[in-house]
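Reproduced below: target.txt, with compact mmCIF, C-alpha atoms.
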# COMPACT_ATOMS: atom_id res chain seq x y z
CA MET A 3 -10.58 -165.55 61.47
CA GLU A 4 -9.08 -163.58 64.31
CA ARG A 5 -6.17 -161.81 62.62
CA ILE A 6 -5.20 -160.66 59.14
CA ILE A 7 -1.63 -159.56 58.33
CA VAL A 8 -0.83 -157.11 55.57
CA GLY A 9 2.74 -156.47 54.39
CA VAL A 10 3.65 -152.85 53.56
CA ASP A 11 6.71 -151.52 51.76
CA GLY A 12 5.70 -148.02 50.71
CA SER A 13 4.76 -149.04 47.16
CA GLU A 14 1.47 -148.20 45.45
CA GLU A 15 0.67 -151.94 45.26
CA SER A 16 1.10 -152.32 48.99
CA ARG A 17 -1.17 -149.31 49.62
CA LYS A 18 -3.91 -151.12 47.69
CA ALA A 19 -3.25 -154.32 49.63
CA VAL A 20 -3.65 -152.41 52.91
CA ALA A 21 -6.97 -150.93 51.79
CA LEU A 22 -8.35 -154.36 50.88
CA ALA A 23 -6.98 -156.00 54.04
CA ALA A 24 -8.52 -153.24 56.18
CA SER A 25 -11.92 -153.64 54.58
CA LEU A 26 -11.79 -157.44 54.96
CA SER A 27 -10.66 -157.17 58.60
CA HIS A 28 -13.50 -154.77 59.32
CA SER A 29 -16.13 -157.08 57.75
CA LEU A 30 -14.71 -160.16 59.47
CA ARG A 31 -14.17 -158.35 62.81
CA ALA A 32 -10.56 -159.48 62.67
CA THR A 33 -7.58 -157.56 64.02
CA LEU A 34 -5.49 -156.07 61.20
CA VAL A 35 -1.73 -156.40 61.67
CA VAL A 36 0.24 -153.98 59.47
CA ALA A 37 3.79 -155.28 59.11
CA HIS A 38 6.92 -153.93 57.43
CA VAL A 39 10.04 -156.03 57.07
CA MET A 40 13.33 -154.11 57.05
CA SER A 41 15.40 -155.95 54.54
CA TYR A 42 19.06 -155.41 53.70
CA PRO A 43 22.18 -157.54 53.86
CA GLY A 44 22.61 -158.73 57.42
CA ALA A 45 19.19 -157.41 58.48
CA GLY A 46 18.43 -160.48 60.53
CA ASP A 47 21.80 -160.71 62.31
CA PRO A 48 23.89 -158.43 64.44
CA PRO A 49 26.26 -156.53 62.10
CA PRO A 50 29.87 -157.80 62.06
CA VAL A 51 31.25 -154.36 62.90
CA VAL A 52 29.06 -151.80 64.61
CA SER A 53 30.26 -148.47 63.32
CA ALA A 54 28.65 -145.16 64.22
CA GLU A 55 27.52 -144.80 60.60
CA TYR A 56 25.92 -148.22 60.61
CA SER A 57 24.01 -147.52 63.84
CA TRP A 58 22.85 -144.17 62.50
CA TRP A 59 21.75 -145.71 59.20
CA ARG A 60 19.98 -148.57 60.89
CA SER A 61 18.10 -146.31 63.25
CA SER A 62 17.01 -144.00 60.40
CA HIS A 63 15.78 -147.06 58.55
CA ARG A 64 13.82 -148.09 61.62
CA ASP A 65 12.33 -144.58 61.91
CA TRP A 66 11.23 -144.77 58.28
CA ALA A 67 9.72 -148.23 58.84
CA GLU A 68 7.83 -147.04 61.94
CA THR A 69 6.48 -144.09 59.93
CA LEU A 70 5.39 -146.42 57.14
CA VAL A 71 3.30 -148.71 59.36
CA ARG A 72 1.94 -145.76 61.36
CA GLU A 73 0.82 -144.02 58.14
CA ALA A 74 -1.12 -147.14 57.16
CA LEU A 75 -2.71 -147.26 60.61
CA VAL A 76 -3.79 -143.62 60.42
CA ARG A 77 -5.08 -143.99 56.85
CA GLU A 78 -7.21 -147.06 57.59
CA ALA A 79 -8.38 -146.22 61.13
CA ARG A 80 -12.14 -146.47 61.43
CA PRO A 81 -14.64 -147.28 64.15
CA GLY A 82 -14.88 -150.99 64.82
CA LEU A 83 -11.48 -151.87 63.34
CA SER A 84 -8.61 -152.85 65.57
CA ILE A 85 -5.16 -152.30 64.01
CA GLU A 86 -1.72 -153.28 65.29
CA THR A 87 1.66 -152.54 63.73
CA ARG A 88 4.90 -154.54 63.56
CA VAL A 89 8.37 -153.72 62.28
CA LEU A 90 10.40 -156.84 61.58
CA SER A 91 13.73 -157.43 59.93
CA GLY A 92 15.16 -160.09 57.67
CA ASP A 93 13.97 -161.67 54.47
CA PRO A 94 10.46 -160.26 53.86
CA ALA A 95 8.78 -163.49 52.73
CA HIS A 96 10.26 -165.52 55.58
CA ALA A 97 9.56 -162.87 58.22
CA LEU A 98 5.89 -162.50 57.15
CA SER A 99 5.46 -166.26 56.97
CA ARG A 100 6.93 -166.69 60.47
CA LEU A 101 4.73 -163.90 61.86
CA ALA A 102 1.69 -165.57 60.29
CA SER A 103 2.35 -168.89 62.00
CA GLU A 104 3.19 -167.29 65.36
CA GLU A 105 0.12 -165.10 65.64
CA ARG A 106 -2.78 -167.42 64.71
CA VAL A 107 -3.35 -165.52 61.51
CA GLY A 108 -6.15 -166.48 59.12
CA LEU A 109 -4.90 -164.61 56.06
CA VAL A 110 -1.81 -162.77 54.82
CA VAL A 111 -2.37 -160.00 52.24
CA VAL A 112 0.40 -158.62 50.04
CA GLY A 113 0.63 -156.59 46.82
CA HIS A 114 1.95 -158.40 43.79
CA ARG A 115 5.03 -156.26 43.26
CA GLY A 116 7.46 -155.22 45.90
CA ARG A 117 9.86 -152.30 45.51
CA GLY A 118 12.84 -152.40 43.25
CA LEU A 119 13.17 -153.69 39.71
CA ALA A 120 16.57 -155.23 40.44
CA ASP A 121 15.21 -157.28 43.35
CA ARG A 122 12.33 -158.44 41.22
CA LEU A 123 14.56 -159.60 38.38
CA LEU A 124 17.02 -161.33 40.67
CA ILE A 125 14.84 -163.06 43.20
CA GLY A 126 11.22 -162.57 42.19
CA SER A 127 8.72 -160.59 44.19
CA VAL A 128 8.03 -161.07 47.88
CA ALA A 129 4.55 -162.32 46.97
CA ASP A 130 5.92 -165.02 44.67
CA ARG A 131 8.17 -166.35 47.42
CA LEU A 132 5.60 -165.93 50.19
CA VAL A 133 3.03 -168.17 48.47
CA GLN A 134 5.67 -170.88 48.26
CA ILE A 135 6.54 -170.96 51.94
CA CYS A 136 3.58 -169.62 53.92
CA ASP A 137 1.38 -172.22 55.67
CA GLN A 138 -1.46 -169.72 56.00
CA PRO A 139 -3.60 -168.60 53.04
CA VAL A 140 -2.07 -165.70 51.10
CA LEU A 141 -4.10 -163.15 49.14
CA VAL A 142 -2.00 -161.44 46.48
CA THR A 143 -3.64 -158.19 45.36
CA ARG A 144 -3.26 -156.21 42.12
CA MET B 8 -17.07 -157.72 47.58
CA LYS B 9 -19.17 -159.03 44.74
CA ASN B 10 -18.24 -162.61 44.04
CA LEU B 11 -15.30 -164.83 44.92
CA ILE B 12 -14.22 -167.67 42.65
CA VAL B 13 -12.78 -170.84 44.15
CA GLY B 14 -11.19 -173.46 41.91
CA VAL B 15 -12.28 -176.78 43.43
CA ASP B 16 -10.62 -180.13 42.74
CA GLY B 17 -10.93 -181.94 46.07
CA SER B 18 -7.31 -181.25 47.09
CA ALA B 19 -6.47 -180.22 50.67
CA GLY B 20 -5.50 -176.72 49.56
CA SER B 21 -8.72 -176.32 47.64
CA LEU B 22 -10.77 -177.29 50.72
CA LYS B 23 -8.89 -174.65 52.72
CA ALA B 24 -9.51 -172.10 49.92
CA ILE B 25 -13.25 -172.83 50.06
CA ALA B 26 -13.23 -172.33 53.85
CA VAL B 27 -11.51 -168.92 53.62
CA ALA B 28 -13.67 -167.73 50.70
CA ALA B 29 -16.87 -168.87 52.41
CA GLU B 30 -15.93 -167.06 55.61
CA ILE B 31 -15.24 -163.85 53.66
CA ALA B 32 -18.38 -164.22 51.52
CA ALA B 33 -20.57 -164.73 54.59
CA ALA B 34 -19.13 -161.60 56.24
CA THR B 35 -19.37 -159.40 53.14
CA ASN B 36 -22.69 -160.62 51.71
CA SER B 37 -21.06 -161.82 48.54
CA ARG B 38 -21.35 -165.06 46.64
CA VAL B 39 -18.88 -167.91 46.23
CA VAL B 40 -18.58 -169.22 42.68
CA LEU B 41 -17.32 -172.81 42.88
CA ALA B 42 -15.56 -173.69 39.65
CA HIS B 43 -14.44 -177.17 38.74
CA VAL B 44 -12.26 -177.56 35.66
CA LEU B 45 -12.67 -180.98 34.03
CA PRO B 46 -9.26 -182.65 34.02
CA VAL B 47 -9.33 -183.32 30.29
CA PRO B 48 -6.83 -181.82 27.87
CA SER B 49 -8.88 -179.65 25.59
CA PRO B 50 -9.03 -179.50 22.68
CA LEU B 51 -8.07 -183.15 22.42
CA PRO B 52 -5.66 -184.12 19.68
CA PRO B 53 -7.66 -185.74 16.84
CA GLU B 54 -5.85 -189.08 17.18
CA VAL B 55 -6.98 -189.50 20.79
CA VAL B 56 -9.98 -191.73 21.16
CA ILE B 57 -11.91 -191.12 24.36
CA PRO B 58 -13.07 -194.36 25.96
CA PRO B 59 -16.85 -194.45 26.13
CA GLY B 60 -18.17 -193.14 29.43
CA TRP B 61 -14.87 -191.45 30.39
CA ILE B 62 -16.11 -187.85 30.17
CA GLY B 63 -19.29 -188.92 31.93
CA GLU B 64 -17.30 -190.35 34.83
CA LEU B 65 -15.11 -187.26 35.13
CA THR B 66 -18.18 -185.04 35.06
CA GLU B 67 -19.80 -187.17 37.75
CA ALA B 68 -16.66 -187.00 39.93
CA GLY B 69 -16.61 -183.22 39.40
CA ASN B 70 -20.24 -182.94 40.43
CA LEU B 71 -19.54 -184.80 43.67
CA ILE B 72 -16.65 -182.45 44.47
CA LEU B 73 -18.87 -179.43 43.67
CA LYS B 74 -21.70 -180.77 45.82
CA ALA B 75 -19.39 -181.23 48.83
CA ALA B 76 -18.01 -177.72 48.25
CA ALA B 77 -21.51 -176.22 48.12
CA GLU B 78 -22.36 -177.92 51.42
CA GLN B 79 -19.17 -176.53 52.94
CA CYS B 80 -20.27 -173.00 51.91
CA THR B 81 -23.80 -173.47 53.26
CA ARG B 82 -22.41 -174.61 56.62
CA ALA B 83 -20.28 -171.43 56.71
CA GLY B 84 -23.37 -169.33 55.98
CA ALA B 85 -22.31 -168.34 52.45
CA GLU B 86 -24.29 -168.47 49.24
CA SER B 87 -22.67 -170.37 46.40
CA GLU B 88 -23.17 -171.46 42.82
CA ALA B 89 -21.34 -174.11 40.82
CA ARG B 90 -19.70 -173.99 37.40
CA VAL B 91 -18.07 -176.71 35.35
CA LEU B 92 -15.31 -175.42 33.07
CA GLU B 93 -13.13 -176.93 30.40
CA GLY B 94 -9.67 -176.20 29.12
CA ALA B 95 -6.41 -175.27 30.84
CA PRO B 96 -7.37 -174.66 34.50
CA ASP B 97 -5.47 -171.38 34.93
CA GLU B 98 -6.89 -169.91 31.70
CA ALA B 99 -10.43 -171.13 32.40
CA LEU B 100 -10.39 -169.65 35.93
CA ALA B 101 -8.86 -166.35 34.75
CA ARG B 102 -11.47 -166.07 32.00
CA LEU B 103 -14.31 -166.67 34.47
CA GLY B 104 -12.77 -164.10 36.83
CA ALA B 105 -12.75 -161.49 34.08
CA GLN B 106 -16.28 -162.36 32.99
CA LEU B 107 -17.72 -162.13 36.53
CA GLU B 108 -15.40 -159.28 37.61
CA SER B 109 -14.60 -161.38 40.66
CA ASP B 110 -12.92 -159.84 43.68
CA PHE B 111 -10.44 -162.67 43.78
CA ILE B 112 -9.76 -166.18 42.53
CA ALA B 113 -8.87 -168.69 45.25
CA VAL B 114 -7.05 -171.96 44.59
CA GLY B 115 -5.13 -174.60 46.49
CA SER B 116 -1.35 -174.34 46.26
CA ARG B 117 -1.17 -177.77 44.59
CA GLY B 118 -3.72 -179.70 42.62
CA ARG B 119 -4.76 -183.23 43.44
CA GLY B 120 -2.04 -185.71 42.83
CA ALA B 121 0.60 -183.04 42.26
CA VAL B 122 4.04 -184.08 43.37
CA SER B 123 4.21 -183.07 47.01
CA ARG B 124 7.73 -181.76 46.77
CA LEU B 125 6.48 -179.00 44.49
CA LEU B 126 6.00 -175.96 46.71
CA LEU B 127 3.55 -174.39 44.31
CA GLY B 128 1.62 -176.12 41.57
CA SER B 129 1.55 -174.77 38.05
CA VAL B 130 -2.09 -173.64 38.14
CA ALA B 131 -1.54 -171.46 41.22
CA ASP B 132 1.73 -170.12 39.84
CA LYS B 133 0.31 -169.27 36.39
CA LEU B 134 -2.79 -167.64 37.90
CA LEU B 135 -0.58 -165.48 40.10
CA GLN B 136 1.41 -164.27 37.11
CA THR B 137 -1.38 -163.86 34.56
CA ALA B 138 -4.84 -163.58 36.17
CA GLY B 139 -4.62 -159.78 36.35
CA ARG B 140 -6.73 -159.76 39.51
CA PRO B 141 -6.23 -160.73 43.15
CA VAL B 142 -5.40 -164.40 43.73
CA LEU B 143 -5.71 -166.26 47.03
CA ILE B 144 -3.53 -169.32 47.50
CA ALA B 145 -4.18 -171.79 50.31
CA ARG B 146 -2.10 -174.75 51.39

Would you mind writing the file out in structure tokens?
Amino acid sequence: MERIIVGVDGSEESRKAVALAASLSHSLRATLVVAHVMSYPGAGDPPPVVSAEYSWWRSSHRDWAETLVREALVREARPGLSIETRVLSGDPAHALSRLASEERVGLVVVGHRGRGLADRLLIGSVADRLVQICDQPVLVTR
Amino acid sequence: MKNLIVGVDGSAGSLKAIAVAAEIAAATNSRVVLAHVLPVPSPLPPEVVIPPGWIGELTEAGNLILKAAAEQCTRAGAESEARVLEGAPDEALARLGAQLESDFIAVGSRGRGAVSRLLLGSVADKLLQTAGRPVLIAR
């Protein structure tokens, strides 16, 4: 396979998923794509009212997201492994699934639990929803 | 990577799962464990009488599926071994995973004959919730 995507969200579970995805990518000589999906109400659409506060908040969120994927890149960098990063926005499961079909990806790796107990109770984890919609194979780590 | 379990039942998702596991096994010098769970409720209720030859036929069908899976692994350059299991598929696969300390358990998203409007079959879903180790799901 040419490319492996791993979803990161700053959780301990996602750190483990990145480590496994990096080692698999290295063995398979695949490019590792580290992706974070910024997710909040209206993340996928232009906001109805663009206030100064909203723009500030959104750009800080983007800074945090860029830091998150960059940290993973720095942590897993090793000779012979090519790593790319992506920051997306929208619903995490849908965004990862779309990225996987756009980029000729052989495998998507995610940790079993995403952040936030409330999210988990209300809508299930990203992993649970991703395996339902993703056309590419999904490896859910523990 | 040590060993990778693939639940095989001849479904499209299971064939895809074998392909991914074999590619990973070949690249990491690990072994694919092909596991077929006999589609028999077990233990059978006492009042159920099994028609003569039924288990034999299911076992034979399972062996054919396992043989094709082993050939698929060989073509991908991966070593494999076959196991025939009994019982509830998710429990049998999870038990084998624990026993072999497998790196992951791979299954198709839906079993053979599962209603196609189901996005995720019950075996894949239960494994994901209860296997306690990485699970790979292929469509």

Using all atoms of segment 72-79 of chain B listed in the file and a margin of 8 Å per side, can you give the axis-aligned box centre and edge lengths in Å to one decimal, as AutoDock Vina command-line options?
--center_x -19.5 --center_y -179.3 --center_z 48.3 --size_x 21.7 --size_y 22.2 --size_z 25.3

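Our summary of the geometry notes that atom CA of Arg119 of chain B is positioned 23.0 Å from atom CA of Gly108 of chain A.
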
Can you measure atom CA of Ile62 of chain B to atom CA of Ala105 of chain B for me? One decimal in Å is fine.
26.9 Å

Point-to-point distance in Å for atom CA of Ile6 of chain A and atom CA of Ala24 of chain B:
15.3 Å

Taking all atoms listed in the file into account, report as a list of chain:residue names which residues of chain A lie within 9 Å of chain B.
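Close to chain B, chain A has A:Met3, A:Leu26, A:Ser29, A:Leu30, A:Arg31, A:Gly108, A:Leu109, A:Val111, A:Gly113, A:His114, A:Asp130, A:Val133, A:Gln134, A:Ile135, A:Cys136, A:Asp137, A:Gln138, A:Pro139, A:Val140, A:Leu141, A:Val142, A:Thr143, A:Arg144.
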
With C-alpha atoms kept, could you save the residues just selected as a PDB file, in the coordinates of the input?
ATOM      1  CA  MET A   3     -10.580-165.550  61.470  1.00  0.00           C
ATOM      2  CA  LEU A  26     -11.790-157.440  54.960  1.00  0.00           C
ATOM      3  CA  SER A  29     -16.130-157.080  57.750  1.00  0.00           C
ATOM      4  CA  LEU A  30     -14.710-160.160  59.470  1.00  0.00           C
ATOM      5  CA  ARG A  31     -14.170-158.350  62.810  1.00  0.00           C
ATOM      6  CA  GLY A 108      -6.150-166.480  59.120  1.00  0.00           C
ATOM      7  CA  LEU A 109      -4.900-164.610  56.060  1.00  0.00           C
ATOM      8  CA  VAL A 111      -2.370-160.000  52.240  1.00  0.00           C
ATOM      9  CA  GLY A 113       0.630-156.590  46.820  1.00  0.00           C
ATOM     10  CA  HIS A 114       1.950-158.400  43.790  1.00  0.00           C
ATOM     11  CA  ASP A 130       5.920-165.020  44.670  1.00  0.00           C
ATOM     12  CA  VAL A 133       3.030-168.170  48.470  1.00  0.00           C
ATOM     13  CA  GLN A 134       5.670-170.880  48.260  1.00  0.00           C
ATOM     14  CA  ILE A 135       6.540-170.960  51.940  1.00  0.00           C
ATOM     15  CA  CYS A 136       3.580-169.620  53.920  1.00  0.00           C
ATOM     16  CA  ASP A 137       1.380-172.220  55.670  1.00  0.00           C
ATOM     17  CA  GLN A 138      -1.460-169.720  56.000  1.00  0.00           C
ATOM     18  CA  PRO A 139      -3.600-168.600  53.040  1.00  0.00           C
ATOM     19  CA  VAL A 140      -2.070-165.700  51.100  1.00  0.00           C
ATOM     20  CA  LEU A 141      -4.100-163.150  49.140  1.00  0.00           C
ATOM     21  CA  VAL A 142      -2.000-161.440  46.480  1.00  0.00           C
ATOM     22  CA  THR A 143      -3.640-158.190  45.360  1.00  0.00           C
ATOM     23  CA  ARG A 144      -3.260-156.210  42.120  1.00  0.00           C
TER      24      ARG A 144
END

Could you pull the residues within 8 Å of Ser109 of chain B, counting only C-alpha atoms, minus those fewer than 5 positions along the same chain, as a list of chain:residue names?
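Listed by chain and then number, they are B:Lys9, B:Asn10, B:Leu11, B:Ile12, B:Gly104.
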
List every protein, DNA or RNA residue with an atom no more than 9 Å from (0.7, -155.6, 59.1) in the file's coordinates, counting all atoms listed in the file, and format the result as JSON, numbers by chain.
{"A": [6, 7, 8, 9, 10, 20, 34, 35, 36, 37, 38, 71, 74, 85, 86, 87, 88, 89, 98, 110, 111]}

Name all residues at most 8 Å from segment 82-98 of chain B (count all atoms listed in the file; drop same-chain ones fewer than 4 positions away) and give them as a ChimeraX atom specification.
/B:26,29-30,32-33,36-50,69,73,77-78,102,130-131,133-134,138

Option closest in space to Gln79 of chain B, from B:Leu103, B:Val56, B:Leu22, B:Val13 [counting all atoms listed in the file]:
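Among B:Leu103, B:Val56, B:Leu22, B:Val13, it is B:Leu22 that comes nearest to Gln79 of chain B.
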
Just the residues within 8 Å of Val128 of chain A, please, counting only C-alpha atoms, with nothing from its chain fewer than 5 positions along; format it as a list of chain:residue names.
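Once the nearby chain positions are removed, what remains is A:Pro94, A:Ala95, A:His114, A:Arg115, A:Gly116.
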